[in-house]
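Asker: This is structure.txt, which holds compact mmCIF, C-alpha atoms and all ligand atoms:
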# COMPACT_ATOMS: atom_id res chain seq x y z
CA MET Z 265 29.16 -5.24 3.38
CA LEU Z 266 29.86 -6.63 -0.08
CA GLN Z 267 31.50 -4.27 -2.54
CA LYS Z 268 28.36 -2.49 -3.74
CA ARG Z 269 28.39 0.23 -6.38
CA ILE Z 270 26.58 3.44 -5.69
CA LEU Z 271 25.95 6.19 -8.19
CA LEU Z 272 25.63 9.39 -6.16
CA ILE Z 273 23.93 12.36 -7.80
CA VAL Z 274 24.77 15.57 -5.96
CA GLY Z 275 22.10 18.23 -6.49
CA GLY Z 276 22.39 21.99 -6.12
CA GLY Z 277 21.67 22.93 -2.53
CA ILE Z 278 23.67 24.12 0.46
CA ALA Z 279 23.35 20.58 1.87
CA ALA Z 280 25.62 19.38 -0.95
CA TYR Z 281 28.56 19.73 1.45
CA LYS Z 282 27.08 16.83 3.45
CA ALA Z 283 27.31 14.67 0.32
CA CYS Z 284 31.11 14.81 0.76
CA GLU Z 285 30.75 13.23 4.19
CA LEU Z 286 28.38 10.64 2.70
CA VAL Z 287 31.00 9.71 0.08
CA ARG Z 288 33.48 9.18 2.91
CA LEU Z 289 31.02 6.95 4.82
CA ILE Z 290 30.26 4.86 1.72
CA ARG Z 291 33.98 4.32 1.12
CA LYS Z 292 34.55 3.52 4.80
CA GLY Z 293 31.68 1.00 4.66
CA GLY Z 294 33.35 -0.81 1.76
CA GLY Z 295 31.16 0.59 -1.03
CA ASP Z 296 32.31 1.95 -4.37
CA VAL Z 297 30.88 5.35 -5.23
CA THR Z 298 30.80 7.28 -8.48
CA CYS Z 299 29.57 10.86 -8.28
CA VAL Z 300 27.55 12.88 -10.74
CA LEU Z 301 27.61 16.58 -9.95
CA THR Z 302 24.78 18.74 -11.31
CA GLU Z 303 25.40 22.27 -12.51
CA GLY Z 304 23.74 23.57 -9.34
CA GLY Z 305 25.69 21.16 -7.16
CA ALA Z 306 28.95 22.49 -8.61
CA HIS Z 307 28.14 25.88 -7.06
CA PHE Z 308 28.40 24.29 -3.62
CA VAL Z 309 31.06 21.55 -3.88
CA THR Z 310 33.74 20.90 -6.47
CA ALA Z 311 34.24 17.90 -8.70
CA MET Z 312 37.79 17.77 -7.35
CA THR Z 313 36.58 17.25 -3.77
CA LEU Z 314 34.21 14.44 -4.78
CA ALA Z 315 36.83 12.79 -7.01
CA ALA Z 316 39.41 12.87 -4.23
CA LEU Z 317 37.02 11.43 -1.65
CA SER Z 318 35.47 8.81 -3.96
CA GLU Z 319 38.70 7.91 -5.76
CA ASN Z 320 36.67 7.78 -8.96
CA PRO Z 321 36.15 10.20 -11.86
CA VAL Z 322 33.27 12.63 -11.34
CA HIS Z 323 30.75 13.13 -14.13
CA THR Z 324 29.26 16.54 -14.75
CA THR Z 325 27.92 16.80 -18.26
CA LEU Z 326 25.89 14.87 -20.76
CA TRP Z 327 28.02 16.25 -23.56
CA ASP Z 328 31.34 14.81 -22.47
CA LEU Z 329 32.16 12.96 -25.70
CA LYS Z 330 35.11 11.09 -24.25
CA ASN Z 331 32.93 9.52 -21.59
CA GLU Z 332 30.14 9.00 -24.11
CA VAL Z 333 32.44 6.90 -26.27
CA GLU Z 334 34.13 5.05 -23.43
CA MET Z 335 31.10 4.39 -21.29
CA GLY Z 336 27.93 6.19 -22.31
CA HIS Z 337 25.32 7.55 -19.96
CA ILE Z 338 23.14 4.48 -20.23
CA GLN Z 339 25.90 2.25 -18.95
CA LEU Z 340 26.78 4.69 -16.18
CA SER Z 341 23.18 4.52 -14.95
CA ARG Z 342 23.10 0.74 -14.99
CA GLN Z 343 26.40 -0.38 -13.61
CA ALA Z 344 25.42 0.83 -10.13
CA ASP Z 345 23.54 -1.30 -7.60
CA LEU Z 346 21.76 1.78 -6.23
CA VAL Z 347 21.32 5.35 -7.45
CA VAL Z 348 21.24 7.91 -4.62
CA VAL Z 349 20.21 11.53 -5.17
CA CYS Z 350 21.65 13.58 -2.29
CA PRO Z 351 20.74 16.30 -1.82
CA ALA Z 352 17.53 15.98 -3.84
CA THR Z 353 16.34 19.53 -4.37
CA ALA Z 354 12.71 20.46 -5.05
CA ASP Z 355 13.62 21.20 -8.65
CA LEU Z 356 15.46 17.93 -9.17
CA MET Z 357 12.58 15.92 -7.71
CA ALA Z 358 10.08 17.83 -9.87
CA ARG Z 359 12.09 16.96 -12.98
CA MET Z 360 12.42 13.32 -11.84
CA ALA Z 361 8.66 13.11 -11.22
CA ALA Z 362 7.93 14.59 -14.66
CA GLY Z 363 10.41 12.31 -16.44
CA ILE Z 364 12.43 15.25 -17.75
CA ALA Z 365 15.94 14.42 -18.97
CA ASP Z 366 17.62 17.75 -19.64
CA ASP Z 367 21.01 17.19 -18.01
CA LEU Z 368 23.28 14.28 -17.12
CA ALA Z 369 21.68 13.61 -13.70
CA THR Z 370 18.07 13.48 -14.92
CA THR Z 371 19.05 11.51 -18.04
CA LEU Z 372 20.72 8.88 -15.85
CA LEU Z 373 17.70 8.77 -13.57
CA LEU Z 374 15.41 8.16 -16.52
CA ALA Z 375 17.71 5.56 -18.06
CA THR Z 376 18.46 3.52 -14.95
CA ASP Z 377 17.03 0.09 -14.26
CA LYS Z 378 18.32 0.15 -10.68
CA PRO Z 379 16.61 1.18 -7.42
CA VAL Z 380 16.66 4.92 -6.77
CA MET Z 381 16.78 6.69 -3.41
CA ALA Z 382 16.21 10.43 -3.04
CA VAL Z 383 17.34 12.33 0.05
CA PRO Z 384 15.46 15.63 0.05
CA ALA Z 385 16.85 18.91 1.34
CA MET Z 386 15.08 22.22 0.88
CA ASN Z 387 13.38 25.10 2.61
CA VAL Z 388 10.42 24.04 4.78
CA ARG Z 389 7.88 25.93 2.64
CA MET Z 390 9.22 24.31 -0.50
CA TRP Z 391 8.99 20.86 1.15
CA GLN Z 392 5.40 21.51 2.22
CA HIS Z 393 4.32 23.08 -1.06
CA ALA Z 394 1.51 21.20 -2.81
CA ALA Z 395 3.70 20.75 -5.91
CA THR Z 396 6.49 19.06 -3.91
CA VAL Z 397 4.01 16.95 -1.97
CA ARG Z 398 2.58 15.82 -5.31
CA ASN Z 399 6.02 15.13 -6.79
CA VAL Z 400 7.14 13.11 -3.76
CA ALA Z 401 3.93 11.05 -3.95
CA THR Z 402 4.51 10.46 -7.68
CA LEU Z 403 8.10 9.38 -7.09
CA ARG Z 404 7.11 7.03 -4.25
CA ALA Z 405 4.31 5.56 -6.35
CA SER Z 406 6.81 4.84 -9.11
CA GLY Z 407 9.11 2.99 -6.72
CA VAL Z 408 11.63 5.67 -5.69
CA THR Z 409 12.56 5.57 -2.00
CA VAL Z 410 12.20 9.17 -0.82
CA LEU Z 411 13.65 9.60 2.67
CA GLU Z 412 11.95 11.99 5.09
CA PRO Z 413 13.99 15.15 5.66
CA ASP Z 414 15.06 16.09 9.19
CA GLU Z 415 13.32 18.80 11.13
CA GLY Z 416 15.22 21.73 12.62
CA ALA Z 417 16.86 25.08 11.98
CA MET Z 418 17.77 25.61 8.34
CA ALA Z 419 20.54 27.43 6.57
CA CYS Z 420 17.94 29.96 5.38
CA GLY Z 421 17.00 30.81 8.98
CA GLU Z 422 13.59 29.09 9.01
CA PHE Z 423 12.63 26.10 11.13
CA GLY Z 424 10.81 22.89 10.20
CA PRO Z 425 11.13 19.74 8.09
CA GLY Z 426 13.40 20.07 5.08
CA ARG Z 427 16.93 19.60 6.39
CA LEU Z 428 19.06 16.89 4.84
CA PRO Z 429 19.23 13.91 7.22
CA GLU Z 430 22.67 13.41 8.77
CA PRO Z 431 25.04 11.51 6.45
CA ALA Z 432 25.22 8.62 8.96
CA ALA Z 433 21.43 8.21 8.72
CA VAL Z 434 21.59 8.31 4.91
CA TRP Z 435 24.31 5.66 4.98
CA THR Z 436 22.15 3.45 7.22
CA ALA Z 437 19.27 3.80 4.73
CA ILE Z 438 21.63 2.91 1.86
CA GLU Z 439 22.87 -0.17 3.71
CA ALA Z 440 19.27 -1.23 4.36
CA ALA Z 441 18.38 -0.73 0.68
CA LEU Z 442 21.33 -2.85 -0.40
CA ALA Z 443 20.86 -5.61 2.20
CA PRO Z 444 19.98 -8.93 0.60
CA ARG Z 445 16.24 -9.61 0.84
CA GLN Z 446 15.16 -12.46 3.10
CA PRO Z 447 14.02 -15.21 0.75
CA LEU Z 448 10.34 -16.03 1.15
CA PRO Z 449 9.66 -19.48 2.57
CA ALA Z 450 8.80 -22.15 0.00
CA ALA Z 451 5.12 -22.00 -0.97
CA ALA Z 452 4.35 -25.42 0.48
CA ALA Z 453 5.69 -24.36 3.87
CA LEU Z 454 3.18 -21.50 4.13
CA PRO Z 455 0.15 -22.24 6.32
CA LEU Z 456 -2.48 -21.44 3.66
CA ALA Z 457 -0.61 -22.85 0.66
CA GLY Z 458 -3.02 -24.55 -1.75
CA ARG Z 459 -6.08 -22.82 -0.24
CA HIS Z 460 -8.48 -20.41 -1.87
CA VAL Z 461 -9.61 -17.61 0.44
CA LEU Z 462 -12.56 -15.45 -0.55
CA VAL Z 463 -12.90 -12.08 1.19
CA THR Z 464 -15.59 -9.41 0.84
CA ALA Z 465 -14.71 -5.89 1.97
CA GLY Z 466 -15.87 -2.30 2.00
CA PRO Z 467 -19.34 -0.83 1.74
CA THR Z 468 -21.85 -1.27 -1.06
CA HIS Z 469 -23.42 1.68 -2.85
CA GLU Z 470 -27.10 1.39 -3.67
CA PRO Z 471 -28.20 3.91 -6.30
CA ILE Z 472 -31.12 6.23 -5.65
CA ASP Z 473 -30.81 7.82 -9.09
CA PRO Z 474 -27.85 8.22 -11.46
CA VAL Z 475 -26.10 10.71 -9.15
CA ARG Z 476 -27.09 9.68 -5.62
CA TYR Z 477 -26.64 6.53 -3.60
CA ILE Z 478 -27.11 4.97 -0.16
CA ALA Z 479 -23.80 4.07 1.50
CA ASN Z 480 -22.19 3.49 4.89
CA ARG Z 481 -18.97 4.40 6.66
CA SER Z 482 -17.04 1.19 6.01
CA SER Z 483 -13.45 1.96 4.91
CA GLY Z 484 -12.63 -1.56 3.71
CA ARG Z 485 -9.38 -1.52 5.72
CA GLN Z 486 -10.11 -4.59 7.85
CA GLY Z 487 -11.13 -6.72 4.87
CA PHE Z 488 -8.15 -5.58 2.79
CA ALA Z 489 -5.82 -6.38 5.72
CA ILE Z 490 -7.31 -9.90 5.93
CA ALA Z 491 -6.88 -10.42 2.17
CA GLU Z 492 -3.26 -9.27 2.45
CA ALA Z 493 -2.52 -11.49 5.47
CA ALA Z 494 -4.09 -14.52 3.73
CA ALA Z 495 -1.99 -13.91 0.59
CA ARG Z 496 1.13 -13.62 2.73
CA ALA Z 497 0.20 -16.95 4.30
CA GLY Z 498 0.34 -18.50 0.82
CA ALA Z 499 -3.37 -18.56 -0.09
CA ARG Z 500 -4.83 -17.71 -3.47
CA VAL Z 501 -7.05 -14.79 -2.52
CA THR Z 502 -10.11 -13.36 -4.24
CA LEU Z 503 -11.09 -10.00 -2.78
CA VAL Z 504 -14.57 -8.81 -3.72
CA ALA Z 505 -14.38 -5.12 -2.92
CA GLY Z 506 -17.07 -2.49 -2.68
CA PRO Z 507 -16.21 1.10 -3.70
CA VAL Z 508 -13.09 2.02 -1.69
CA ALA Z 509 -9.91 3.83 -2.74
CA LEU Z 510 -7.50 1.33 -1.14
CA PRO Z 511 -4.62 -0.19 -3.13
CA THR Z 512 -4.95 -3.87 -3.99
CA PRO Z 513 -2.69 -5.92 -1.67
CA PRO Z 514 0.15 -7.79 -3.40
CA ARG Z 515 -0.78 -11.11 -5.07
CA VAL Z 516 -4.52 -10.61 -4.43
CA VAL Z 517 -7.09 -10.92 -7.22
CA ARG Z 518 -9.54 -8.05 -6.76
CA VAL Z 519 -13.06 -7.92 -8.14
CA ASN Z 520 -14.62 -4.46 -7.83
CA VAL Z 521 -18.35 -4.23 -7.28
CA GLU Z 522 -20.72 -1.47 -6.37
CA THR Z 523 -24.05 -2.88 -5.21
CA ALA Z 524 -25.02 -5.76 -2.91
CA ARG Z 525 -26.45 -7.70 -5.84
CA GLU Z 526 -23.19 -7.33 -7.77
CA MET Z 527 -21.31 -8.47 -4.66
CA ALA Z 528 -23.56 -11.54 -4.35
CA ALA Z 529 -22.90 -12.46 -8.00
CA ALA Z 530 -19.13 -11.98 -7.61
CA VAL Z 531 -19.08 -14.19 -4.52
CA GLU Z 532 -20.97 -16.95 -6.35
CA ALA Z 533 -18.59 -16.64 -9.32
CA ALA Z 534 -15.53 -16.98 -7.09
CA LEU Z 535 -16.57 -20.41 -5.69
CA PRO Z 536 -15.31 -22.93 -4.81
CA ALA Z 537 -13.28 -21.60 -1.92
CA ASP Z 538 -11.87 -23.18 1.24
CA VAL Z 539 -12.84 -20.25 3.39
CA ALA Z 540 -14.98 -17.16 2.99
CA VAL Z 541 -14.44 -14.15 5.22
CA MET Z 542 -17.32 -11.75 4.74
CA VAL Z 543 -16.14 -8.42 6.07
CA ALA Z 544 -18.16 -6.19 3.74
CA ALA Z 545 -20.69 -3.83 5.26
CA VAL Z 546 -23.40 -4.79 2.80
CA ALA Z 547 -26.29 -2.33 2.59
CA ASP Z 548 -29.33 -4.05 4.03
CA TRP Z 549 -31.66 -2.20 1.70
CA ARG Z 550 -31.66 -0.78 -1.79
CA THR Z 551 -34.15 1.56 -3.39
CA ALA Z 552 -37.09 -0.18 -4.98
CA ASP Z 553 -36.98 1.84 -8.17
CA ALA Z 554 -33.67 3.59 -8.95
CA GLY Z 555 -34.53 5.11 -12.31
CA PRO Z 556 -32.32 6.40 -15.10
CA HIS Z 557 -33.23 10.06 -14.43
CA LYS Z 558 -32.07 12.38 -11.68
CA LEU Z 559 -34.80 13.06 -9.12
CA LYS Z 560 -35.83 16.74 -9.23
CA LYS Z 561 -37.47 18.93 -6.62
CA ASP Z 562 -41.06 19.58 -7.71
CA GLY Z 563 -41.42 22.88 -5.81
CA SER Z 564 -44.03 21.53 -3.40
CA GLY Z 565 -41.54 21.20 -0.52
CA THR Z 566 -42.42 17.50 -0.21
CA PRO Z 567 -39.46 15.18 -0.74
CA PRO Z 568 -40.00 12.21 -3.05
CA PRO Z 569 -40.89 8.96 -1.24
CA LEU Z 570 -37.92 6.61 -1.07
CA ALA Z 571 -39.21 3.03 -1.13
CA LEU Z 572 -36.65 0.45 0.00
CA VAL Z 573 -36.45 -3.30 -0.57
CA GLU Z 574 -34.21 -5.76 1.27
CA ASN Z 575 -30.96 -6.86 -0.35
CA PRO Z 576 -29.99 -10.53 -0.54
CA ASP Z 577 -28.09 -11.69 2.56
CA ILE Z 578 -24.85 -12.79 0.89
CA LEU Z 579 -23.46 -14.48 3.99
CA ALA Z 580 -26.65 -16.41 4.84
CA ASN Z 581 -27.07 -17.50 1.19
CA LEU Z 582 -23.45 -18.67 1.03
CA CYS Z 583 -23.97 -20.79 4.14
CA ARG Z 584 -26.89 -22.53 2.40
CA ASN Z 585 -25.05 -22.86 -0.91
CA PRO Z 586 -24.30 -26.48 -1.98
CA ARG Z 587 -20.75 -25.23 -2.64
CA ARG Z 588 -20.45 -23.70 0.85
CA PRO Z 589 -16.78 -23.23 1.80
CA ALA Z 590 -15.58 -25.49 4.63
CA LEU Z 591 -15.18 -22.45 6.85
CA VAL Z 592 -17.45 -19.40 6.65
CA VAL Z 593 -16.63 -16.36 8.76
CA GLY Z 594 -18.98 -13.41 9.11
CA PHE Z 595 -18.41 -10.05 10.73
CA ALA Z 596 -20.89 -8.26 12.93
CA ALA Z 597 -20.69 -4.55 13.54
CA GLU Z 598 -22.73 -3.82 16.63
CA THR Z 599 -23.26 -0.79 18.83
CA ASP Z 600 -24.68 -2.60 21.89
CA ASP Z 601 -24.93 -6.12 23.39
CA VAL Z 602 -22.08 -7.01 21.04
CA ILE Z 603 -21.57 -10.66 22.00
CA ALA Z 604 -25.26 -11.52 22.47
CA HIS Z 605 -26.10 -10.12 19.03
CA ALA Z 606 -23.14 -11.96 17.48
CA VAL Z 607 -24.19 -15.29 19.00
CA ALA Z 608 -27.71 -14.82 17.61
CA LYS Z 609 -26.36 -13.70 14.22
CA ARG Z 610 -24.09 -16.74 13.96
CA ALA Z 611 -27.04 -19.08 14.47
CA ARG Z 612 -29.37 -17.10 12.19
CA LYS Z 613 -26.95 -16.93 9.27
CA GLY Z 614 -25.35 -20.36 9.66
CA ALA Z 615 -21.76 -19.06 9.82
CA ASP Z 616 -19.01 -21.00 11.58
CA TRP Z 617 -17.60 -17.91 13.25
CA ILE Z 618 -18.83 -14.39 13.71
CA VAL Z 619 -16.16 -11.81 14.34
CA ALA Z 620 -17.98 -9.17 16.34
CA ASN Z 621 -16.85 -5.66 16.98
CA ASP Z 622 -18.23 -2.65 18.78
CA VAL Z 623 -18.64 0.16 16.25
CA SER Z 624 -20.03 2.70 18.70
CA GLY Z 625 -16.61 4.51 18.58
CA ASP Z 626 -14.69 5.36 15.39
CA VAL Z 627 -13.85 1.78 14.35
CA MET Z 628 -15.38 2.32 10.91
CA GLY Z 629 -12.55 4.04 9.08
CA GLY Z 630 -10.23 3.84 12.10
CA ALA Z 631 -6.91 2.01 12.28
CA THR Z 632 -7.61 -0.29 15.24
CA ASN Z 633 -10.23 -2.84 16.15
CA ALA Z 634 -11.17 -4.88 19.24
CA VAL Z 635 -12.93 -8.08 18.19
CA HIS Z 636 -14.61 -11.09 19.73
CA ILE Z 637 -14.50 -14.31 17.71
CA VAL Z 638 -17.76 -16.11 18.39
CA ALA Z 639 -17.60 -19.81 17.46
CA ALA Z 640 -19.48 -23.00 18.34
CA ASP Z 641 -17.06 -23.72 21.18
CA GLY Z 642 -17.06 -20.29 22.79
CA VAL Z 643 -15.95 -16.69 22.48
CA ASP Z 644 -12.35 -15.55 22.05
CA SER Z 645 -11.96 -11.85 22.86
CA LEU Z 646 -8.87 -10.12 21.47
CA PRO Z 647 -7.58 -6.84 22.90
CA GLU Z 648 -7.76 -3.66 20.81
CA MET Z 649 -5.01 -3.76 18.17
CA PRO Z 650 -4.22 -2.45 14.67
CA LYS Z 651 -6.49 -3.91 11.98
CA GLU Z 652 -3.43 -5.58 10.39
CA HIS Z 653 -2.80 -7.49 13.63
CA VAL Z 654 -6.46 -8.53 13.86
CA ALA Z 655 -6.05 -9.82 10.29
CA GLU Z 656 -2.95 -11.82 11.17
CA ALA Z 657 -4.57 -13.34 14.27
CA LEU Z 658 -7.63 -14.32 12.27
CA VAL Z 659 -5.61 -15.80 9.41
CA ALA Z 660 -3.51 -17.83 11.88
CA ARG Z 661 -6.70 -19.21 13.41
CA ILE Z 662 -8.15 -19.97 9.96
CA ALA Z 663 -4.95 -21.82 8.95
CA GLN Z 664 -5.04 -23.86 12.14
CA THR Z 665 -8.70 -24.79 11.62
CA LEU Z 666 -8.25 -25.71 7.95
CA SER Z 667 -5.06 -27.73 8.38
CA PRO Z 668 -6.77 -31.12 8.96
CA MET Z 669 -9.27 -30.49 6.09
CA ALA Z 670 -8.76 -31.35 2.42
CA PRO Z 671 -8.54 -28.36 0.03
CA ALA Z 672 -11.67 -27.28 -1.90
CA PRO Z 673 -12.23 -29.48 -5.01
CA SER Z 674 -10.99 -27.36 -7.87
CA THR Z 675 -8.62 -25.09 -6.01
CA PRO Z 676 -5.61 -24.85 -8.29
CA PRO Z 677 -2.20 -25.39 -6.72
CA THR Z 678 -0.81 -22.26 -5.10
CA GLU Z 679 1.32 -20.17 -7.41
CA PHE Z 680 2.45 -17.76 -4.74
CA PRO Z 681 4.78 -16.53 -3.64
CA ALA Z 682 7.00 -16.48 -6.70
N1 LIG O 701 -23.94 -9.55 5.23
C1 LIG O 701 -24.11 -10.04 3.96
N2 LIG O 701 -25.16 -9.60 3.20
C2 LIG O 701 -26.05 -8.72 3.68
C3 LIG O 701 -25.88 -8.21 4.99
C4 LIG O 701 -24.82 -8.65 5.73
O1 LIG O 701 -23.31 -10.86 3.51
N3 LIG O 701 -27.06 -8.32 2.92
C5 LIG O 701 -22.84 -10.08 6.02
C6 LIG O 701 -21.77 -9.08 6.34
O2 LIG O 701 -20.73 -9.10 5.38
C7 LIG O 701 -21.27 -9.57 7.70
C8 LIG O 701 -22.50 -10.19 8.33
O3 LIG O 701 -23.38 -10.47 7.25
O4 LIG O 701 -20.33 -10.59 7.57
C9 LIG O 701 -23.21 -9.38 9.34
O5 LIG O 701 -23.48 -8.10 8.84
P1 LIG O 701 -24.42 -7.12 9.69
O6 LIG O 701 -24.64 -5.88 8.88
O7 LIG O 701 -23.87 -6.97 11.07
O8 LIG O 701 -25.70 -8.02 9.77
P2 LIG O 701 -27.16 -7.78 9.36
O9 LIG O 701 -27.66 -9.03 8.73
O10 LIG O 701 -27.29 -6.55 8.55
O11 LIG O 701 -27.84 -7.64 10.77
P3 LIG O 701 -28.42 -6.37 11.54
O12 LIG O 701 -28.31 -5.20 10.63
O13 LIG O 701 -29.78 -6.75 11.87
O14 LIG O 701 -27.52 -6.25 12.75
Go ahead and express the file in the form of structure tokens.
Ligand code: CTP
Answerer:
Amino acid sequence: MLQKRILLIVGGGIAAYKACELVRLIRKGGGDVTCVLTEGGAHFVTAMTLAALSENPVHTTLWDLKNEVEMGHIQLSRQADLVVVCPATADLMARMAAGIADDLATTLLLATDKPVMAVPAMNVRMWQHAATVRNVATLRASGVTVLEPDEGAMACGEFGPGRLPEPAAVWTAIEAALAPRQPLPAAAALPLAGRHVLVTAGPTHEPIDPVRYIANRSSGRQGFAIAEAAARAGARVTLVAGPVALPTPPRVVRVNVETAREMAAAVEAALPADVAVMVAAVADWRTADAGPHKLKKDGSGTPPPLALVENPDILANLCRNPRRPALVVGFAAETDDVIAHAVAKRARKGADWIVANDVSGDVMGGATNAVHIVAADGVDSLPEMPKEHVAEALVARIAQTLSPMAPAPSTPPTEFPA
């Protein structure tokens, strides 16, 4: 390992003694380590121990003027390659999540521009408390790597997750965090470089009145996985998404819509595209007259009539569009006669491929999918696999099919990956 610099913040918990072993492992692995000992941490290990093991001065207070003049806390937080908080107590993580800077450790954590790793150690109830769960989620969302604690007997006599992972495991995580990233292949070498991929995903919501709507069980996961796989393959990706709470995959342009008619308009606006993959579970019908007022019970016991009208078929219309993408892929969620229905649907809608799946189980919202790709030259049935793998298989097939074709007219050159 190259000589990497680690700033180790030792929090106040009984597991602080394991931080001494971690310092030893970092030194043995060729790393340079500077320790910051919190007031709580100093109740469990001494600055002398950490200084002797690290062969570096140990910092304990924000108000050490000598250090402030010679180095300053900002510099201390930035000269490291990685900041590791070990043990990260519930209190320390709460203050990190809230952005509090009331001692040297939390001030450094707020001032750093370097990656931060937290290694939690606490009582099982504290680890499982809603406040800690929330704080860990906040820290992870803001880019902090929070390791999972070990499970087992604790110093306090209870049993469960919350123990500090063994120092060797923490060292392995540090090495992984410091390992040089594999450079991404050059954009031109990626199979979908220079292509524009349009994906629809998720359900649509069709309003009944201002507070009610017609929906379906689509989670959007399969469509989002396809958008992500296409972006990773170098494509410019437009993801037209119905109402789902999924994060936008990296380097994907997302257009949020709610109704089928909004989805149809967003698809039209995204053209031209080289390929369209229509995964959305578009509502077949919408209410004929969704008014601006909430429907009220009238006391008669008779529910109001709900008149429905058919929504535009976005896939079929796209296939007839003069700007039809070179490859149009539809999905078909079926509960019986899966392949026969998919073959008929492919012909009826004019799609190149229909990816058919059996939704009689819990596919909608589930993590796996077993699909049949129905094309002009036959049916390719894939075994059940995670939706991400289905996405990769489909994107590989799309790339292979598009490779002899010229890109869509005004597709700008691929900007990704940076
Ligand atoms: N689709 C669409 N617009 C619609 C309905 C469906 O674009 N109004 C697309 C879906 O995104 C999917 C394909 O058509 O790619 C098939 O969807 P599915 O719901 O299985 O087809 P339907 O036309 O609704 O057929 P049916 O309900 O009769 O099975």
Asker: Using only C-alpha atoms and all ligand atoms, determine which residues fall within 8 Å of ligand LIG 701 (chain O), then list them as a PyMOL selection string.
Answerer: chain Z and resi 464-465+524+528+541-549+574-581+593-598+605+609+613+618
Asker: Region 398-400 of chain Z: which residues within 10 Å, counting only C-alpha atoms, same-chain residues fewer than 5 positions away excluded, as JSON, numbers by chain?
Answerer: {"Z": [354, 355, 357, 358, 359, 360, 361, 362, 382, 384, 391, 392, 393, 405, 406, 408, 409, 410, 411]}
Asker: If I take CA of Ser667 (chain Z) and CA of Ala494 (chain Z), how far is one from the other in Å, to one decimal?
Answerer: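 So the two atoms, CA of Ser667 (chain Z) and CA of Ala494 (chain Z), lie 14.0 Å apart.
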Asker: Please provide the set of residues having any atom within 9 Å of Gly276 (chain Z), restricted to all atoms listed in the file, with same-chain residues fewer than 6 positions apart removed, written as a list in words.
Answerer: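 The contact residues come out as Leu301, Thr302, Glu303, Gly304, Gly305, Ala306, His307, Phe308, Val309, Pro351, Ala352, Thr353 and Leu356 of chain Z.
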Asker: Could you check how far CA of Pro650 (chain Z) sits from CA of Ala437 (chain Z), in Å to one decimal?
Answerer: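 One can read the CA of Pro650 (chain Z) to CA of Ala437 (chain Z) distance as 26.3 Å.
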Asker: Which residues, protein or nucleic acid, reach to within 9 Å of (-3.7, -9.8, -5.1) in the file's coordinates when using all atoms listed in the file, and can you give that as a PyMOL selection string?
Answerer: chain Z and resi 491-492+495+500-503+512-518
Asker: Please work out which residues fall within 9 Å of (-4.1, -1.2, 16.9), coordinates as given in the file, with only C-alpha atoms counting, and return them as a PDB file with C-alpha atoms, keeping the file's coordinate frame.
Answerer:
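Saved the output as out31.pdb:
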ATOM      1  CA  ALA Z 631      -6.910   2.010  12.280  1.00  0.00           C
ATOM      2  CA  THR Z 632      -7.610  -0.290  15.240  1.00  0.00           C
ATOM      3  CA  ASN Z 633     -10.230  -2.840  16.150  1.00  0.00           C
ATOM      4  CA  ALA Z 634     -11.170  -4.880  19.240  1.00  0.00           C
ATOM      5  CA  PRO Z 647      -7.580  -6.840  22.900  1.00  0.00           C
ATOM      6  CA  GLU Z 648      -7.760  -3.660  20.810  1.00  0.00           C
ATOM      7  CA  MET Z 649      -5.010  -3.760  18.170  1.00  0.00           C
ATOM      8  CA  PRO Z 650      -4.220  -2.450  14.670  1.00  0.00           C
ATOM      9  CA  LYS Z 651      -6.490  -3.910  11.980  1.00  0.00           C
ATOM     10  CA  GLU Z 652      -3.430  -5.580  10.390  1.00  0.00           C
ATOM     11  CA  HIS Z 653      -2.800  -7.490  13.630  1.00  0.00           C
ATOM     12  CA  VAL Z 654      -6.460  -8.530  13.860  1.00  0.00           C
TER      13      VAL Z 654
END
Asker: Rank Z:Ala394, Z:Ala344, Z:Leu272, Z:Ala375 by their smallest atom-to-atom distance to Leu314 (chain Z), using only C-alpha atoms, and report the top residue only.
Answerer: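 Of the candidates, the smallest distance to Leu314 (chain Z) is held by Z:Leu272.
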Asker: Enumerate, in order of chain and increasing residue number, the residues of region 499-615 of chain Z with an atom no farther than 9 Å from region 636-643 of chain Z, each with its shortest atom pair and distance in Å to one decimal, counting all atoms listed in the file, as a tab-separated table.
Answerer:
residue	atom	partner	partner_atom	distance
Z:Val602	CA	Z:His636	CA	8.6
Z:Ile603	CA	Z:His636	CA	7.3
Z:Ala606	CA	Z:Val638	CA	6.9
Z:Val607	CA	Z:Val638	CA	6.5
Z:Arg610	CA	Z:Val638	CA	7.8
Z:Ala615	CA	Z:Ala639	CA	8.7
